[in-house]
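K.L.:
One file: protein.cif (mmCIF, C-alpha atoms and all ligand atoms).
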data_coords
#
loop_
_atom_site.label_atom_id
_atom_site.label_comp_id
_atom_site.auth_asym_id
_atom_site.auth_seq_id
_atom_site.Cartn_x
_atom_site.Cartn_y
_atom_site.Cartn_z
CA MET L 33 107.31 110.67 102.53
CA ALA L 34 106.81 107.00 101.65
CA HIS L 35 103.43 105.34 101.77
CA GLU L 36 102.42 102.02 103.37
CA TYR L 37 102.35 100.40 99.91
CA GLY L 38 105.85 101.71 99.20
CA ILE L 39 104.74 103.81 96.26
CA THR L 40 107.47 106.18 95.10
CA LYS L 41 108.14 108.23 91.96
CA PRO L 42 108.72 106.20 88.80
CA LYS L 43 112.33 106.18 87.59
CA GLY L 44 113.15 107.78 84.27
CA TYR L 45 109.82 109.44 83.56
CA ASN L 46 107.40 111.85 85.17
CA VAL L 47 103.63 111.76 85.67
CA THR L 48 101.47 114.81 86.47
CA PHE L 49 97.93 114.66 87.86
CA HIS L 50 95.55 117.55 87.30
CA TYR L 51 92.50 117.78 89.51
CA ASN L 52 90.09 120.48 90.58
CA PRO L 53 88.19 119.60 93.78
CA ASN L 54 85.45 122.09 92.93
CA MET L 55 84.22 120.20 89.85
CA GLU L 56 82.46 117.57 91.92
CA ARG L 57 80.17 120.16 93.48
CA HIS L 58 78.26 120.61 90.24
CA HIS L 59 75.07 118.74 89.52
CA PHE L 60 73.42 118.13 86.16
CA GLY L 61 70.19 117.23 87.99
CA GLN L 62 68.96 114.52 90.37
CA THR L 63 68.60 111.64 87.89
CA HIS L 64 70.92 112.85 85.12
CA PRO L 65 73.46 110.08 84.35
CA MET L 66 76.51 112.41 84.46
CA LYS L 67 77.74 112.59 88.07
CA PRO L 68 80.76 114.86 88.57
CA TRP L 69 81.01 113.24 92.01
CA ARG L 70 82.69 110.20 90.35
CA LEU L 71 85.82 112.39 90.22
CA THR L 72 85.84 112.57 94.03
CA LEU L 73 85.45 108.82 94.26
CA THR L 74 88.37 108.38 91.83
CA LYS L 75 90.58 110.78 93.76
CA SER L 76 89.66 108.99 96.98
CA LEU L 77 90.99 105.67 95.61
CA VAL L 78 94.09 107.25 94.07
CA THR L 79 94.99 108.85 97.40
CA SER L 80 94.16 105.89 99.63
CA TYR L 81 96.59 103.75 97.61
CA GLY L 82 99.21 106.49 98.00
CA MET L 83 99.54 107.00 94.24
CA ASN L 84 99.81 110.75 94.82
CA PHE L 85 103.35 110.17 96.13
CA ALA L 86 104.41 108.96 92.69
CA MET L 87 103.16 111.98 90.72
CA ASP L 88 103.32 115.76 90.62
CA ASN L 89 99.86 116.82 91.77
CA TYR L 90 98.35 120.07 90.56
CA THR L 91 95.16 121.83 91.52
CA ALA L 92 93.93 122.68 88.06
CA ARG L 93 93.12 126.30 87.25
CA THR L 94 90.02 127.38 85.40
CA ALA L 95 90.44 128.06 81.68
CA THR L 96 90.09 131.70 80.65
CA TYR L 97 87.56 133.09 78.18
CA GLU L 98 90.40 133.57 75.67
CA GLU L 99 91.40 129.93 76.01
CA LEU L 100 87.83 128.67 75.54
CA THR L 101 87.43 130.79 72.38
CA ASN L 102 90.52 129.20 70.83
CA PHE L 103 88.02 126.64 69.54
CA HIS L 104 84.52 127.78 70.50
CA THR L 105 82.78 130.88 69.12
CA ASN L 106 82.51 134.03 71.22
CA ASP L 107 78.69 133.95 70.93
CA TYR L 108 78.53 130.46 72.37
CA VAL L 109 81.00 131.07 75.20
CA ASP L 110 79.28 134.39 76.00
CA PHE L 111 76.01 132.53 76.32
CA LEU L 112 77.52 129.89 78.60
CA ALA L 113 78.94 132.70 80.72
CA THR L 114 75.57 134.43 81.17
CA PRO L 115 75.14 134.36 84.97
CA THR L 116 71.41 133.67 84.87
CA PRO L 117 70.87 131.98 81.51
CA LEU L 118 68.02 133.47 79.55
CA ASP L 119 64.83 131.50 79.41
CA VAL L 120 66.00 128.94 76.84
CA ASP L 121 62.60 127.28 76.69
CA ASN L 122 61.19 130.29 74.88
CA MET L 123 64.11 130.83 72.54
CA HIS L 124 64.31 129.88 68.89
CA PRO L 125 65.99 126.44 68.66
CA ASP L 126 68.72 127.79 66.35
CA LEU L 127 69.78 130.36 68.92
CA LYS L 128 70.11 128.28 72.03
CA PHE L 129 73.16 126.19 71.09
CA ASN L 130 71.39 122.92 72.01
CA LEU L 131 71.36 124.01 75.66
CA GLY L 132 68.62 123.47 78.20
CA GLY L 133 67.35 120.06 77.03
CA SER L 134 67.62 116.93 79.17
CA ASP L 135 71.07 115.91 77.83
CA CYS L 136 72.68 119.35 78.25
CA PRO L 137 70.76 121.14 80.99
CA LEU L 138 71.64 124.63 82.19
CA PHE L 139 72.61 124.19 85.83
CA GLU L 140 74.03 126.48 88.48
CA GLY L 141 77.74 127.09 88.04
CA LEU L 142 77.78 125.59 84.52
CA TYR L 143 80.39 128.05 83.23
CA ASP L 144 82.68 127.34 86.20
CA TYR L 145 82.29 123.61 85.70
CA CYS L 146 83.22 123.92 82.00
CA SER L 147 86.22 126.15 82.68
CA MET L 148 87.48 123.74 85.34
CA SER L 149 87.24 120.76 83.02
CA ALA L 150 89.00 122.69 80.23
CA GLY L 151 91.53 124.15 82.68
CA SER L 152 92.63 120.73 83.88
CA SER L 153 93.08 119.43 80.32
CA LEU L 154 94.97 122.57 79.26
CA ASP L 155 97.25 122.35 82.31
CA ALA L 156 97.95 118.72 81.42
CA ALA L 157 98.71 119.62 77.79
CA ARG L 158 101.10 122.39 78.86
CA LYS L 159 103.05 119.98 81.08
CA ILE L 160 103.46 117.71 78.06
CA CYS L 161 104.53 120.67 75.90
CA SER L 162 107.15 121.84 78.40
CA LYS L 163 108.40 118.23 78.80
CA GLN L 164 107.78 118.45 82.55
CA ALA L 165 105.48 115.45 82.12
CA ASP L 166 105.85 112.29 80.07
CA ILE L 167 102.30 111.33 81.05
CA ALA L 168 99.73 113.91 82.19
CA ILE L 169 96.36 112.90 83.65
CA ALA L 170 93.15 115.00 83.60
CA TRP L 171 90.18 112.83 84.64
CA GLY L 172 87.92 115.92 84.70
CA GLY L 173 88.30 116.31 80.93
CA GLY L 174 87.38 114.12 77.98
CA LEU L 175 84.15 115.86 76.92
CA HIS L 176 84.41 114.79 73.30
CA HIS L 177 80.96 115.69 71.88
CA ALA L 178 81.07 119.49 72.31
CA LYS L 179 81.11 121.40 69.01
CA LYS L 180 82.48 124.82 68.06
CA SER L 181 79.16 126.48 68.71
CA GLU L 182 76.97 123.80 70.26
CA ALA L 183 76.60 121.63 73.33
CA SER L 184 75.99 117.92 72.75
CA GLY L 185 75.72 114.71 74.78
CA PHE L 186 76.51 116.09 78.29
CA CYS L 187 79.47 118.07 76.81
CA TYR L 188 79.58 121.87 76.60
CA ILE L 189 83.25 122.75 76.12
CA ASN L 190 85.54 120.47 74.16
CA ASP L 191 88.53 120.40 76.50
CA ILE L 192 90.18 117.73 74.29
CA VAL L 193 90.20 119.94 71.20
CA LEU L 194 91.63 122.80 73.29
CA ALA L 195 94.34 120.51 74.69
CA ILE L 196 95.26 119.12 71.25
CA LEU L 197 95.49 122.68 69.85
CA GLN L 198 97.95 123.36 72.66
CA LEU L 199 99.97 120.21 71.83
CA LEU L 200 100.10 121.24 68.15
CA ARG L 201 102.10 124.35 69.10
CA VAL L 202 105.02 122.08 69.99
CA TYR L 203 104.36 118.67 68.45
CA PRO L 204 104.00 118.17 64.67
CA ARG L 205 101.48 115.32 64.88
CA VAL L 206 98.98 114.20 67.52
CA LEU L 207 97.22 110.83 67.57
CA TYR L 208 93.83 111.05 69.29
CA ILE L 209 92.42 107.75 70.61
CA ASP L 210 88.94 107.48 72.13
CA ILE L 211 87.83 104.39 74.09
CA ASP L 212 84.59 105.91 75.41
CA VAL L 213 81.61 103.74 74.34
CA HIS L 214 80.31 106.74 72.32
CA HIS L 215 81.74 108.07 69.06
CA GLY L 216 84.20 110.96 69.60
CA ASP L 217 82.41 113.09 67.02
CA GLY L 218 83.34 116.57 68.31
CA VAL L 219 87.08 115.91 68.26
CA GLU L 220 86.87 114.14 64.90
CA GLU L 221 84.96 117.05 63.34
CA ALA L 222 87.36 119.68 64.70
CA PHE L 223 90.36 118.12 62.95
CA LEU L 224 88.80 116.74 59.73
CA SER L 225 90.77 119.11 57.51
CA THR L 226 94.27 118.65 58.93
CA ASP L 227 96.81 115.88 58.53
CA ARG L 228 98.47 116.88 61.82
CA VAL L 229 95.84 115.09 63.89
CA MET L 230 94.66 111.53 63.35
CA THR L 231 91.50 110.59 65.27
CA VAL L 232 90.57 106.99 66.13
CA SER L 233 87.36 106.24 68.03
CA PHE L 234 86.22 102.83 69.25
CA HIS L 235 82.48 102.86 70.01
CA LYS L 236 79.17 101.10 69.98
CA TYR L 237 77.61 101.92 66.62
CA ASP L 238 73.94 101.73 65.83
CA PRO L 239 72.78 104.75 63.87
CA ASN L 240 69.14 104.21 64.88
CA THR L 241 69.38 103.60 68.59
CA PHE L 242 72.72 104.71 69.99
CA PHE L 243 74.04 108.23 70.46
CA PRO L 244 75.37 110.09 68.48
CA GLY L 245 74.71 107.73 65.54
CA THR L 246 77.85 108.73 63.59
CA GLY L 247 81.18 106.90 63.27
CA ALA L 248 80.57 104.17 60.68
CA LEU L 249 83.57 102.13 59.53
CA ASP L 250 83.72 103.84 56.12
CA ASP L 251 83.22 107.32 57.54
CA ASN L 252 86.74 108.70 57.21
CA GLY L 253 85.96 112.36 56.57
CA PRO L 254 85.80 114.38 53.33
CA ARG L 255 87.83 112.54 50.74
CA SER L 256 88.66 115.35 48.29
CA GLU L 257 92.15 115.60 46.83
CA HIS L 258 92.48 119.04 48.34
CA ASN L 259 91.81 117.88 51.87
CA PRO L 260 95.08 117.04 53.64
CA GLY L 261 92.98 115.57 56.47
CA ALA L 262 91.45 112.89 54.23
CA HIS L 263 91.93 109.34 55.63
CA HIS L 264 93.00 110.75 59.02
CA ALA L 265 89.67 110.00 60.76
CA LEU L 266 89.28 106.34 61.69
CA ASN L 267 86.22 104.74 63.21
CA ILE L 268 85.88 101.36 64.89
CA PRO L 269 82.15 100.57 65.15
CA LEU L 270 81.31 97.74 67.55
CA ASN L 271 78.26 95.86 68.81
CA ASP L 272 77.08 95.02 72.33
CA GLY L 273 78.98 92.67 74.58
CA ILE L 274 82.55 92.95 73.28
CA THR L 275 85.03 91.23 75.62
CA ASP L 276 88.44 92.19 77.01
CA GLU L 277 90.26 89.75 74.71
CA GLN L 278 88.60 91.00 71.52
CA TYR L 279 88.82 94.65 72.45
CA SER L 280 92.46 94.71 73.52
CA SER L 281 93.66 92.67 70.55
CA LEU L 282 91.70 94.91 68.16
CA PHE L 283 93.05 97.99 69.95
CA GLU L 284 96.67 96.87 69.65
CA ASN L 285 96.23 95.78 66.07
CA VAL L 286 94.66 99.09 64.99
CA ILE L 287 96.82 101.42 67.08
CA SER L 288 100.11 99.75 66.14
CA ARG L 289 99.28 100.31 62.44
CA CYS L 290 98.33 103.94 63.10
CA VAL L 291 101.56 104.60 64.98
CA GLU L 292 103.63 102.95 62.26
CA LYS L 293 102.08 105.02 59.45
CA PHE L 294 101.26 108.31 61.17
CA ARG L 295 104.30 108.50 63.49
CA PRO L 296 102.64 110.65 66.16
CA SER L 297 104.81 112.92 68.28
CA ALA L 298 102.19 112.95 71.08
CA ILE L 299 99.14 110.85 71.98
CA ALA L 300 95.87 112.12 73.47
CA LEU L 301 93.85 109.25 74.98
CA GLN L 302 90.22 109.69 76.01
CA CYS L 303 89.52 107.00 78.63
CA GLY L 304 85.71 107.17 78.83
CA ALA L 305 84.73 104.49 81.35
CA ASP L 306 81.25 103.88 79.97
CA SER L 307 82.80 101.13 77.85
CA LEU L 308 83.05 99.03 81.05
CA ALA L 309 80.66 96.18 81.85
CA GLY L 310 77.80 97.27 84.07
CA ASP L 311 77.75 100.87 82.90
CA ARG L 312 74.36 102.58 83.14
CA LEU L 313 74.54 103.69 79.48
CA GLY L 314 77.18 101.45 77.88
CA LYS L 315 76.68 97.92 76.55
CA PHE L 316 80.15 96.37 76.43
CA ASN L 317 81.56 93.57 78.63
CA LEU L 318 84.93 95.18 79.39
CA LEU L 319 86.58 94.74 82.76
CA VAL L 320 89.07 97.17 84.28
CA GLU L 321 91.78 94.78 82.99
CA GLY L 322 90.69 95.13 79.35
CA HIS L 323 90.01 98.86 79.53
CA SER L 324 93.33 99.60 81.20
CA SER L 325 95.26 97.40 78.75
CA CYS L 326 94.68 100.21 76.23
CA VAL L 327 96.38 102.66 78.58
CA GLU L 328 99.22 100.23 79.16
CA TYR L 329 99.71 99.77 75.43
CA CYS L 330 99.86 103.55 74.84
CA LYS L 331 102.28 104.01 77.71
CA LYS L 332 104.62 101.34 76.33
CA LEU L 333 104.90 103.21 73.03
CA GLY L 334 107.04 105.74 74.90
CA ILE L 335 105.41 108.75 73.19
CA PRO L 336 104.31 111.75 75.33
CA LEU L 337 100.83 110.87 76.55
CA ILE L 338 97.90 112.86 77.88
CA MET L 339 95.01 110.94 79.45
CA PHE L 340 91.50 112.36 79.79
CA GLY L 341 88.36 111.05 81.46
CA GLY L 342 85.06 111.18 79.59
CA GLY L 343 81.87 109.15 80.00
CA GLY L 344 81.26 106.66 82.81
CA TYR L 345 77.88 106.33 84.49
CA THR L 346 78.33 103.74 87.22
CA PRO L 347 80.56 105.83 89.52
CA ARG L 348 82.10 102.93 91.49
CA ASN L 349 83.31 101.32 88.24
CA VAL L 350 84.54 104.64 86.85
CA ALA L 351 86.60 105.23 89.99
CA ARG L 352 88.07 101.71 89.84
CA ALA L 353 89.11 102.07 86.21
CA TRP L 354 90.60 105.55 86.47
CA ALA L 355 92.42 104.74 89.73
CA TYR L 356 93.84 101.55 88.19
CA GLU L 357 94.83 103.47 85.04
CA THR L 358 96.58 106.02 87.25
CA ALA L 359 98.49 103.06 88.71
CA VAL L 360 99.37 101.93 85.17
CA ALA L 361 100.69 105.42 84.39
CA ILE L 362 103.02 105.39 87.41
CA GLY L 363 104.00 101.76 86.79
CA GLN L 364 102.42 100.43 90.01
CA ASP L 365 99.53 98.37 88.61
CA LYS L 366 101.34 95.09 89.29
CA ASN L 367 102.25 96.17 92.85
CA ILE L 368 99.13 97.60 94.43
CA PRO L 369 96.91 95.24 96.44
CA HIS L 370 93.61 94.43 94.75
CA LYS L 371 91.77 94.81 98.03
CA ILE L 372 90.53 98.39 98.40
CA PRO L 373 92.36 99.95 101.40
CA GLU L 374 90.34 99.98 104.63
CA HIS L 375 90.81 103.70 105.13
CA THR L 376 89.41 104.66 101.69
CA PRO L 377 86.74 107.37 102.08
CA TRP L 378 83.33 106.10 100.80
CA ARG L 379 84.78 102.57 100.73
CA GLU L 380 81.26 101.12 101.22
CA ARG L 381 80.17 102.69 97.89
CA PHE L 382 82.29 100.19 95.95
CA ARG L 383 79.89 97.29 96.69
CA GLN L 384 82.73 94.73 96.36
CA ASP L 385 85.98 95.44 98.19
CA THR L 386 88.17 94.56 95.19
CA LEU L 387 89.61 96.98 92.64
CA LEU L 388 89.20 94.32 89.93
CA PRO L 389 85.76 92.67 90.14
CA THR L 390 84.94 89.80 87.78
CA ILE L 391 82.22 90.01 85.14
CA GLU L 392 79.95 87.88 87.35
CA GLN L 393 80.50 90.23 90.31
CA ILE L 394 79.54 93.18 88.11
CA LEU L 395 76.74 91.83 85.95
CA GLY L 396 75.60 88.50 87.36
CA GLU L 397 75.13 87.13 83.84
CA PRO L 398 77.41 88.62 81.12
CA ARG L 399 75.73 90.34 78.18
CA GLN L 400 75.50 88.47 74.91
CA ASN L 401 78.52 89.18 72.70
CA ARG L 402 77.36 90.41 69.29
CA ASN L 403 80.83 90.84 67.75
CA PRO L 404 81.71 87.90 65.49
CA GLU L 405 85.41 87.48 64.61
CA LYS L 406 84.64 88.21 60.95
CA LYS L 407 83.38 91.68 61.86
CA LEU L 408 86.64 92.42 63.69
CA ARG L 409 88.72 91.15 60.75
CA ASP L 410 86.78 93.40 58.35
CA ILE L 411 87.51 96.36 60.61
CA VAL L 412 91.26 95.67 60.55
CA GLN L 413 91.14 95.26 56.78
CA HIS L 414 89.36 98.59 56.27
CA VAL L 415 91.74 100.41 58.63
CA THR L 416 94.72 98.95 56.79
CA GLU L 417 93.30 100.24 53.49
CA GLN L 418 92.76 103.75 54.88
CA LEU L 419 96.28 103.83 56.27
CA ARG L 420 97.74 103.15 52.82
CA PHE L 421 96.96 106.81 52.10
CA VAL L 422 98.80 108.00 55.22
CA SER L 423 102.54 108.45 55.43
CA HIS L 424 104.76 110.79 57.40
N1 LIG Q 501 67.00 111.91 75.74
N2 LIG Q 501 67.76 112.43 82.83
C1 LIG Q 501 77.29 110.50 76.24
C2 LIG Q 501 76.04 111.30 75.91
C3 LIG Q 501 74.85 110.44 75.60
C4 LIG Q 501 69.54 111.70 72.78
C5 LIG Q 501 67.68 110.41 73.92
C6 LIG Q 501 67.14 112.24 77.17
C7 LIG Q 501 70.83 109.68 77.92
C8 LIG Q 501 70.07 110.01 79.10
C9 LIG Q 501 69.04 113.05 80.94
C10 LIG Q 501 67.03 112.88 84.00
C11 LIG Q 501 79.79 110.72 76.67
C12 LIG Q 501 70.57 110.72 73.34
C13 LIG Q 501 67.77 110.70 75.43
C14 LIG Q 501 66.41 111.30 78.09
C15 LIG Q 501 67.39 112.78 73.45
C16 LIG Q 501 71.88 109.86 76.05
C17 LIG Q 501 68.33 113.39 82.06
C18 LIG Q 501 68.77 109.36 81.00
C19 LIG Q 501 68.61 110.70 81.38
O1 LIG Q 501 67.35 110.26 83.28
C20 LIG Q 501 67.87 111.10 82.55
C21 LIG Q 501 65.66 113.40 83.62
C22 LIG Q 501 69.19 111.69 80.58
C23 LIG Q 501 69.93 111.34 79.44
C24 LIG Q 501 69.48 109.02 79.88
N3 LIG Q 501 71.16 110.54 76.95
C25 LIG Q 501 71.33 108.44 77.58
N4 LIG Q 501 71.99 108.60 76.39
C26 LIG Q 501 72.47 110.44 74.81
C27 LIG Q 501 73.71 111.29 75.11
C28 LIG Q 501 78.41 111.39 76.66
O2 LIG Q 501 79.81 109.63 77.55
O3 LIG Q 501 80.15 110.22 75.40
C29 LIG Q 501 80.91 111.71 77.05
C30 LIG Q 501 80.76 112.36 78.36
N5 LIG Q 501 71.49 111.26 74.13
O4 LIG Q 501 70.52 109.53 73.09
C31 LIG Q 501 68.21 111.57 73.13
C32 LIG Q 501 68.63 111.37 71.75
C33 LIG Q 501 67.45 113.07 74.96
CA CA Q 502 84.81 106.20 71.49
ZN ZN Q 503 80.30 108.04 76.43
#
In C-alpha cells, how does this file's structure come out?
Ligand code: ZLM
Ligand code: CA
Ligand code: ZN
P.N.:
Amino acid sequence: MAHEYGITKPKGYNVTFHYNPNMERHHFGQTHPMKPWRLTLTKSLVTSYGMNFAMDNYTARTATYEELTNFHTNDYVDFLATPTPLDVDNMHPDLKFNLGGSDCPLFEGLYDYCSMSAGSSLDAARKICSKQADIAIAWGGGLHHAKKSEASGFCYINDIVLAILQLLRVYPRVLYIDIDVHHGDGVEEAFLSTDRVMTVSFHKYDPNTFFPGTGALDDNGPRSEHNPGAHHALNIPLNDGITDEQYSSLFENVISRCVEKFRPSAIALQCGADSLAGDRLGKFNLLVEGHSSCVEYCKKLGIPLIMFGGGGYTPRNVARAWAYETAVAIGQDKNIPHKIPEHTPWRERFRQDTLLPTIEQILGEPRQNRNPEKKLRDIVQHVTEQLRFVSH
C-alpha cells in the first residue's frame, strides 16, 4: 500500500522500527519530567506521515530476566521485579539501589516498563546482528545512566549496554555516540575496560550544577598500561546555548576522527532529545535540523546503525525530532512536507503546525551562547591526542 506522501521502502537498505505501545501507559508521577507518553506522540507523527510503509515495524517484546541480568546483578533485578516494592523509605540507603527518590521513583508497573524498554533495544540489536536491518530504531530505549546495580537519573535498566553486549557477539567493535544533553555515564562505565567499545558523549558539563557532574574533557577512563580500554572513553563537555552550526561541525569533526582510528563495525547512537532548544531540562539551542544532522552523518557512514531514544522533556519537540530522524533513516527527510498532516492524532499538542520550528518559534529569545570557538578547538585538539593511542 502506498501512502499519500508516496513513501515507499528505501532501495538498497532496510530499516526496522521497534515499538511497544504499552510503554506509554506508565507514569513516573504527575510532575516528573519523564513522560513515556512522548513515545505515543512520536509514533503518531511517524504514522501520519506514512513512514511506517518504509520500514519493517515490530511490536517489541519484553526482555526476560536472563537478558536483564546479562549486565545487571540478580539482586537488583530481583528487587525491581518485586510486585509491591518494599517500603524503601525505611530501608538502609545502601540496600535500596537508589530507588524511590524523586529522580527514580517506584511506580506501578516499573518492572514491565523497564523490560519493554530493554526488549525494544534488544530486538533492534538482534536485527542488526542478523543483518535483517541496516538501521534499527528503538525510541523507547536510550536509558544511559542505569548502572549494574543501581538506578540513576530516571534510568533503571541500561538497555543500551544490553544492546551493545548483543552487538559484540557478532561485531568486533562498536562505537557508542550519545547526543543527549546529559553525560552517558552508565554506558561509559560499563565498557571502560574493553577496547571493543569506544564511547563518545556530547553533553552540558558543569560538575556543580548539572547532572550527573561527570564527563570532563580529560576524563578518558583508567589510564593504566594493563587496561585495553584506556583512551576509548571520550567526553565532549559543552556550555549552555550551543548552536546547530557549532554542534554539527564539532560532531562531524570528532566522529570522523573516531571512525578513522577505531574503525567501528557497528554504531550505537543515543538520540536524547533534551539537547534541543526549549527542553524543560536542557540548555542548548539546537533545532531539529542540527540534532538530526548527527543522525544523517552516522547514516552516511554506511556502518550498521542502531538508534535509541533517551532524554527529552518537552514532548512536542521530542516527537518532532524523533519523527524527523525516522525520516532521515528511511531517506525521506527531504521529501516529507514540513506542515504536520491534518489527520495527525493530538495535532493540537504541537503548538506550531510545522515539523521544523525556528528558534524564535520555540524560545522567543534564544539563550545566550556560552561556547567560544577556542573552547571547541581545544576539544578537537584533546580528542585528537587521545585518538593517537587508538588504532585498529
Ligand atoms: N532532585 N519531580 C536525565 C536525569 C536528570 C539530582 C536534583 C529532584 C530533575 C528533576 C523529579 C516531581 C537523561 C539531579 C533534582 C527534584 C536530586 C534531574 C520529580 C524536576 C522533578 O518536578 C520534579 C516532584 C524531578 C526531577 C526535576 N532531576 C532535573 N534534573 C537530574 C537527573 C536523564 O535525560 O539523561 C536520560 C533519560 N537529577 O540533578 C538532584 C541531584 C533530585
Ligand atoms: Ca550525552
Ligand atoms: Zn538527558
K.L.:
Out of L:Tyr143, L:Phe103, L:Phe242, L:Phe294, which residue has the shortest atom-to-atom distance to Leu207 in chain L when counting all atoms listed in the file?
P.N.:
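Smallest distance to Leu207 in chain L is found for L:Phe294.
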K.L.:
Measuring atom to atom with all atoms listed in the file, identify which of L:Leu142, L:Leu337, L:Ala156, L:Ile167 is nearest to His50 in chain L.
P.N.:
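Among the listed residues, L:Ala156 lies closest to His50 in chain L.
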K.L.:
Of the candidates L:Lys331, L:His235, L:Lys128, L:Arg402, which one gets nearest to ligand ZN 503 (chain Q) if we count only C-alpha atoms and all ligand atoms?
P.N.:
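The closest residue to ligand ZN 503 (chain Q) is L:His235.
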K.L.:
Measuring between only C-alpha atoms and all ligand atoms, which one of L:His177, L:His59, L:Arg409, L:His104 shows the shortest distance to ligand LIG 501 (chain Q)?
P.N.:
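So, comparing all the options, the nearest one is L:His177.
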K.L.:
Please, what distance in Å, to one decimal, runs between CA of Gly310 in chain L and CA of Lys236 in chain L?
P.N.:
14.7 Å
K.L.:
What lies within 10 Å of Asp227 in chain L using all atoms listed in the file, ignoring chain neighbours under 2 positions off, as a list in words?
P.N.:
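Here the qualifying residues turn out to be Pro204, Arg205, Val206, Phe223, Leu224, Ser225, Val229, Met230, Asn259, Pro260, Gly261, Ala262, His263, His264, Ala265, Phe294, Val422, Ser423 and His424 of chain L.
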K.L.:
List every protein, DNA or RNA residue with an atom no more than 6 Å from (104.4, 114.9, 74.1) in the file's coordinates, counting all atoms listed in the file, and format the result as a list in words.
P.N.:
Ile160, Ala298, Pro336 and Leu337 of chain L
K.L.:
Per residue of chain L within 8 Å of ligand LIG 501 (chain Q), note the shortest atom pair and the distance in Å to one decimal, counting all atoms listed in the file, and order the rows by chain and increasing residue number, as CSV.
P.N.:
residue,atom,partner,partner_atom,distance
L:Gly61,CA,Q:LIG501,C10,6.7
L:Gln62,CA,Q:LIG501,C10,6.9
L:Thr63,CA,Q:LIG501,C10,4.4
L:His64,CA,Q:LIG501,N2,3.9
L:Pro65,CA,Q:LIG501,C19,5.7
L:Met66,CA,Q:LIG501,C30,7.4
L:Gly133,CA,Q:LIG501,C33,7.3
L:Ser134,CA,Q:LIG501,C9,4.5
L:Asp135,CA,Q:LIG501,C9,4.7
L:Cys136,CA,Q:LIG501,C9,7.8
L:Gly174,CA,Q:LIG501,C30,6.9
L:Leu175,CA,Q:LIG501,C30,5.1
L:His176,CA,Q:LIG501,C29,6.0
L:His177,CA,Q:LIG501,C29,6.5
L:Ser184,CA,Q:LIG501,C2,7.3
L:Gly185,CA,Q:LIG501,C2,3.6
L:Phe186,CA,Q:LIG501,C28,5.3
L:Cys187,CA,Q:LIG501,C30,6.1
L:Asp212,CA,Q:LIG501,O3,6.2
L:Val213,CA,Q:LIG501,O3,6.7
L:His214,CA,Q:LIG501,O3,4.6
L:His215,CA,Q:LIG501,O3,6.9
L:Gly216,CA,Q:LIG501,O3,7.1
L:Thr241,CA,Q:LIG501,O4,7.5
L:Phe242,CA,Q:LIG501,O4,6.1
L:Phe243,CA,Q:LIG501,O4,4.6
L:Pro244,CA,Q:LIG501,O4,6.7
L:Gly304,CA,Q:LIG501,O2,6.5
L:Asp306,CA,Q:LIG501,O2,6.4
L:Leu313,CA,Q:LIG501,C25,6.0
L:Gly342,CA,Q:LIG501,C30,4.6
L:Gly343,CA,Q:LIG501,O2,3.2
L:Gly344,CA,Q:LIG501,O2,6.2
L:Tyr345,CA,Q:LIG501,O2,7.9
K.L.:
Have a look at CA of Leu308 in chain L and CA of Thr74 in chain L and let me know their distance in Å, one decimal.
P.N.:
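Result for CA of Leu308 in chain L versus CA of Thr74 in chain L: 15.2 Å, one decimal.
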K.L.:
How far is it from CA of Leu387 in chain L to CA of Leu270 in chain L, in Å with one decimal?
P.N.:
26.4 Å
K.L.:
Given all atoms listed in the file as the basis, pick out the residue of L:Asn46, L:Asn367, L:Thr96, L:Gln302 nearest to ligand CA 502 (chain Q).
P.N.:
L:Gln302
K.L.:
Find the residue from L:Phe129, L:Tyr108, L:Tyr188, L:Phe234 that sits nearest to ligand ZN 503 (chain Q); use only C-alpha atoms and all ligand atoms when measuring.
P.N.:
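Selected residue with least distance to ligand ZN 503 (chain Q): L:Phe234.
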K.L.:
Taking (72.0, 93.0, 89.8) in the file's coordinates, which residues come within 12 Å, counting only C-alpha atoms, written as number ranges by chain?
P.N.:
L: 310-312, 383, 391-398
K.L.:
Do a neighbour search on Ser288 in chain L at 12 Å with only C-alpha atoms, toss out local chain neighbours closer than 3 positions, and write the hits as a list in words.
P.N.:
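Contacts, with the query itself left out: Leu207, Ile209, Val232, Ser280, Ser281, Leu282, Phe283, Glu284, Asn285, Val291, Glu292, Lys293, Phe294, Arg295, Pro296, Cys326, Tyr329, Cys330, Lys332, Leu333, Val412, Val415, Thr416 and Leu419 of chain L.
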K.L.:
Residues at most 7 Å from Gly173 in chain L, counting only C-alpha atoms, excluding those fewer than 4 positions away in the same chain, as a list in words?
P.N.:
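Near Gly173 in chain L, the qualifying residues are Ser149, Ala150, Ser152, Ser153, Asp191, Phe340, Gly341 and Gly342 of chain L.
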K.L.:
Using only C-alpha atoms, determine which residues lie at most 6 Å from Asn52 in chain L, disregarding the query and same-chain residues fewer than 3 positions distant; provide the list as a list in words.
P.N.:
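Listed by chain and then number, they are Met55, Thr91 and Ala92 of chain L.
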